[in-house]
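To be precise, the following lines are entry_33.tsv, and they hold TSV, C-alpha atoms.
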chain	number	residue	atom	x	y	z
D	1	GLN	CA	-2.56	10.49	29.82
D	2	ALA	CA	-3.01	6.75	29.28
D	3	TYR	CA	0.70	5.97	29.06
D	4	ASP	CA	3.72	7.20	31.01
D	5	ALA	CA	7.03	7.42	29.13
D	6	SER	CA	9.03	6.98	32.34
D	7	SER	CA	7.08	3.95	33.55
D	8	ASP	CA	7.89	0.33	32.76
D	9	GLU	CA	4.17	-0.48	32.87
D	10	ASP	CA	3.10	-1.96	29.51
D	11	PHE	CA	6.76	-1.94	28.38
D	12	MET	CA	7.50	-4.33	25.55
D	13	ASP	CA	10.04	-7.10	26.01
D	14	ASP	CA	9.90	-8.23	22.37
D	15	ALA	CA	9.04	-6.04	19.43
D	16	LEU	CA	7.50	-8.58	17.07
D	17	PRO	CA	6.14	-7.66	13.62
D	18	PHE	CA	2.43	-6.77	13.50
D	19	THR	CA	2.23	-6.25	17.28
D	20	ALA	CA	-0.22	-3.46	18.17
D	21	VAL	CA	1.68	-0.74	20.05
D	22	ALA	CA	1.40	2.71	21.57
D	23	VAL	CA	4.18	4.86	20.07
D	24	LEU	CA	5.62	7.99	21.67
D	25	VAL	CA	5.89	10.60	18.87
D	26	ASP	CA	6.58	14.28	19.60
D	27	SER	CA	5.50	13.90	23.24
D	28	THR	CA	2.17	12.27	22.34
D	29	TRP	CA	1.11	8.63	22.28
D	30	GLN	CA	-0.20	7.32	18.99
D	31	ARG	CA	-1.51	3.94	17.89
D	32	GLY	CA	0.63	1.82	15.62
D	33	TYR	CA	1.86	-1.62	14.68
D	34	ILE	CA	5.38	-2.89	14.22
D	35	LEU	CA	6.59	-3.62	10.69
D	36	SER	CA	10.08	-4.78	11.64
D	37	SER	CA	12.59	-4.55	14.46
D	38	SER	CA	16.35	-4.74	14.90
D	39	TYR	CA	19.05	-3.63	17.34
D	40	HIS	CA	18.74	-0.14	15.88
D	41	GLY	CA	15.01	0.21	16.60
D	42	CYS	CA	11.66	-0.54	15.03
D	43	GLN	CA	9.80	0.44	11.88
D	44	VAL	CA	6.25	1.29	12.92
D	45	VAL	CA	3.11	2.18	10.95
D	46	LEU	CA	1.03	4.83	12.71
D	47	VAL	CA	-2.53	3.56	12.42
D	48	ASP	CA	-4.30	6.92	12.25
D	49	THR	CA	-2.04	8.55	9.65
D	50	GLN	CA	-0.49	5.55	7.87
D	51	GLU	CA	2.91	7.22	8.32
D	52	ILE	CA	5.86	4.82	8.62
D	53	ILE	CA	8.45	5.92	11.18
D	54	SER	CA	11.55	4.56	12.87
D	55	VAL	CA	11.63	4.61	16.66
D	56	ASP	CA	13.67	3.21	19.52
D	57	GLN	CA	12.07	0.31	21.36
D	58	ASP	CA	11.85	2.42	24.54
D	59	GLN	CA	9.27	4.60	22.70
D	60	LEU	CA	6.87	1.64	22.46
D	61	ARG	CA	4.30	0.22	24.86
D	62	MET	CA	1.81	-2.58	24.40
D	63	LEU	CA	-1.39	-1.06	23.06
D	64	ARG	CA	-4.11	-1.34	25.66
D	65	GLN	CA	-7.29	-3.16	24.70
D	66	GLU	CA	-9.44	-0.05	25.15
D	67	PHE	CA	-7.61	1.65	22.22
D	68	MET	CA	-7.74	-1.30	19.82
D	69	SER	CA	-11.42	-0.97	18.95
D	70	LEU	CA	-11.38	2.77	18.18
D	71	PRO	CA	-11.96	3.63	14.52
D	72	VAL	CA	-9.14	5.18	12.51
D	73	GLN	CA	-8.84	8.82	13.57
D	74	GLY	CA	-7.42	10.18	10.30
D	75	ILE	CA	-8.20	10.16	6.61
D	76	LYS	CA	-5.49	9.69	4.02
D	77	CYS	CA	-5.60	12.76	1.78
D	78	SER	CA	-3.53	15.11	-0.32
D	79	LEU	CA	-3.94	18.74	-1.30
D	80	GLU	CA	-5.79	19.03	-4.62
D	81	GLY	CA	-4.56	21.29	-7.38
D	82	ILE	CA	-0.91	21.64	-6.32
D	83	VAL	CA	2.40	19.83	-6.55
D	84	SER	CA	5.65	20.61	-4.78
D	85	LYS	CA	8.05	22.75	-6.82
D	86	SER	CA	10.91	20.49	-5.74
D	87	ALA	CA	11.17	16.70	-5.67
D	88	LYS	CA	10.19	16.77	-2.00
D	89	TRP	CA	8.32	19.33	0.13
D	90	THR	CA	10.81	21.73	1.75
D	91	SER	CA	11.08	22.02	5.51
D	92	ASP	CA	9.76	25.62	5.24
D	93	ALA	CA	6.67	24.44	3.34
D	94	CYS	CA	6.07	21.65	5.87
D	95	ARG	CA	6.49	24.04	8.81
D	96	PHE	CA	4.07	26.54	7.18
D	97	PHE	CA	1.49	23.76	6.62
D	98	LYS	CA	1.83	22.43	10.19
D	99	ASP	CA	1.50	25.98	11.57
D	100	LYS	CA	-1.70	26.52	9.57
D	101	VAL	CA	-3.13	23.25	10.89
D	102	ALA	CA	-2.10	24.15	14.46
D	103	GLU	CA	-3.75	27.59	14.10
D	104	SER	CA	-6.98	25.82	13.20
D	105	ALA	CA	-7.23	24.58	16.79
D	106	ASP	CA	-8.08	28.17	17.78
D	107	SER	CA	-10.41	28.85	14.85
D	108	HIS	CA	-11.43	26.19	12.38
D	109	MET	CA	-10.30	24.55	9.19
D	110	VAL	CA	-12.52	23.11	6.49
D	111	ALA	CA	-11.59	20.41	3.99
D	112	GLU	CA	-13.53	20.37	0.75
D	113	PHE	CA	-13.35	16.89	-0.77
D	114	ARG	CA	-12.72	17.00	-4.51
D	115	GLY	CA	-12.54	13.28	-5.22
D	116	GLU	CA	-10.51	10.20	-4.49
D	117	LYS	CA	-7.71	8.41	-6.31
D	118	ASN	CA	-6.10	5.13	-5.20
D	119	GLY	CA	-7.57	5.42	-1.71
D	120	VAL	CA	-6.31	8.99	-1.19
D	121	HIS	CA	-8.87	11.79	-0.85
D	122	LYS	CA	-8.10	14.99	-2.76
D	123	ILE	CA	-8.94	18.09	-0.72
D	124	ILE	CA	-8.95	21.87	-0.84
D	125	LEU	CA	-8.07	23.08	2.65
D	126	MET	CA	-9.55	26.35	3.91
D	127	SER	CA	-8.19	28.22	6.93
D	128	SER	CA	-9.77	31.52	8.03
D	129	GLU	CA	-11.41	32.03	4.62
D	130	LEU	CA	-8.07	31.45	2.81
D	131	MET	CA	-7.17	28.45	0.70
D	132	VAL	CA	-4.09	26.74	2.19
D	133	ASN	CA	-3.37	25.12	-1.19
D	134	ALA	CA	-3.17	28.61	-2.77
D	135	MET	CA	-1.02	29.97	0.09
D	136	LEU	CA	1.57	27.27	-0.68
D	137	VAL	CA	1.57	28.39	-4.34
D	138	HIS	CA	1.68	32.09	-3.40
D	139	ASN	CA	4.70	31.51	-1.11
D	140	GLY	CA	6.58	29.73	-3.91
D	141	TRP	CA	6.60	26.21	-2.47
D	142	ALA	CA	4.08	24.69	-4.87
D	143	LYS	CA	2.89	24.87	-8.48
D	144	ALA	CA	-0.83	25.10	-9.21
D	145	THR	CA	-2.22	22.27	-11.32
D	146	ASP	CA	-5.84	23.39	-10.96
D	147	HIS	CA	-7.39	26.61	-12.26
D	148	SER	CA	-9.25	27.40	-9.01
D	149	VAL	CA	-6.04	27.13	-6.97
D	150	SER	CA	-4.19	29.29	-9.48
D	151	GLU	CA	-6.92	31.97	-9.29
D	152	ALA	CA	-6.91	31.91	-5.48
D	153	ALA	CA	-3.12	32.34	-5.42
D	154	GLN	CA	-3.44	35.32	-7.79
D	155	GLU	CA	-6.12	36.82	-5.52
D	156	LEU	CA	-3.69	36.51	-2.59
D	157	ALA	CA	-0.99	38.30	-4.60
D	158	ASN	CA	-3.43	41.08	-5.57
D	159	ALA	CA	-4.65	41.46	-1.98
D	160	LYS	CA	-1.07	41.89	-0.76
D	161	LYS	CA	-0.42	44.56	-3.45
D	162	ASP	CA	-3.62	46.38	-2.40
D	163	LYS	CA	-2.52	46.34	1.26
D	164	VAL	CA	0.93	47.66	0.37
D	165	PHE	CA	-0.72	50.39	-1.73
D	166	GLU	CA	-3.05	51.34	1.15
D	167	ILE	CA	-0.09	51.64	3.55
D	168	CYS	CA	1.82	53.89	1.12
D	169	GLU	CA	-1.10	56.31	0.58

What would the structure in this file look like if it were written as structure tokens?
Amino acid sequence: QAYDASSDEDFMDDALPFTAVAVLVDSTWQRGYILSSSYHGCQVVLVDTQEIISVDQDQLRMLRQEFMSLPVQGIKCSLEGIVSKSAKWTSDACRFFKDKVAESADSHMVAEFRGEKNGVHKIILMSSELMVNAMLVHNGWAKATDHSVSEAAQELANAKKDKVFEICE
């Protein structure tokens, strides 16, 4: 653990825009830089995910030199072949996706790159031989916009029917 949330070491006196910082997010330290600050907190860009978040100043530390030269640890991407059924992804869909990613720590997850548009990589995400994109469609959180995703979602539906049939026999 490079930073201690309870320590004043590396604590920031002034949160100035574009200052490189360590940001405490969900009990982990991430690299970021400040976009803006006010009495209410700071807007920070997380370097490795490009996510913009609001945090209190006590969640920030000066980023140590040893972490400044590391390459970006994430790739900006989106799931190919699906769109959310609602204007925004539901909390259930987000939780399902995060759970699938967390499960991959025990097994593995594979991203198949399908192209790039405006700096965002389009991927098909595979977890334990199943297409995560299709699982989101199958569970009703997404609409398929790609034939291969639509077919995979149908295969999931058929597999579930076969399992139900096997149990009833």

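When all atoms listed in the file are used to measure the gap to Gly41 (chain D), the shortest distance among D:Gln65, D:Ser27, D:Gln59, D:Ser150 belongs to D:Gln59.
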
Inset, instruction - Name the residues in contact with Ile124 (chain D) at a cut-off of 8 Å, using only C-alpha atoms, excluding same-chain residues fewer than 2 positions from it; report them as JSON, numbers by chain. - result: {"D": [79, 80, 81, 111, 112, 113, 114, 122, 126, 131, 132, 133]}

Legend entry - Residue contacts of His138 (chain D) (9 Å, only C-alpha atoms) excluding same-chain residues fewer than 3 positions away, as an NGL selection string: :D and (133-135 or 141-143 or 150 or 152-154 or 156-157)

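The smallest atom-to-atom distance between Thr49 (chain D) and any of D:Val72, D:Ile123, D:Val23, D:Ala93, using all atoms listed in the file, is found for D:Val72.
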
Inset, instruction - Counting all atoms listed in the file, write as a VMD selection string all protein and nucleic acid residues lying at most 6 Å from (-4.2, 9.9, 11.8) in the file's frame. - result: chain D and resid 48 to 49 73 to 74

Legend entry - Length of the CA of Pro71 (chain D) to CA of Cys94 (chain D) vector [Å]: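 Computing it gives 26.9 Å between the two atoms.
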
Inset, instruction - Just give me the gap between CA of Trp89 (chain D) and CA of Asn139 (chain D) in Å, one decimal is fine. - result: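 Here the two named atoms are 12.8 Å from each other.
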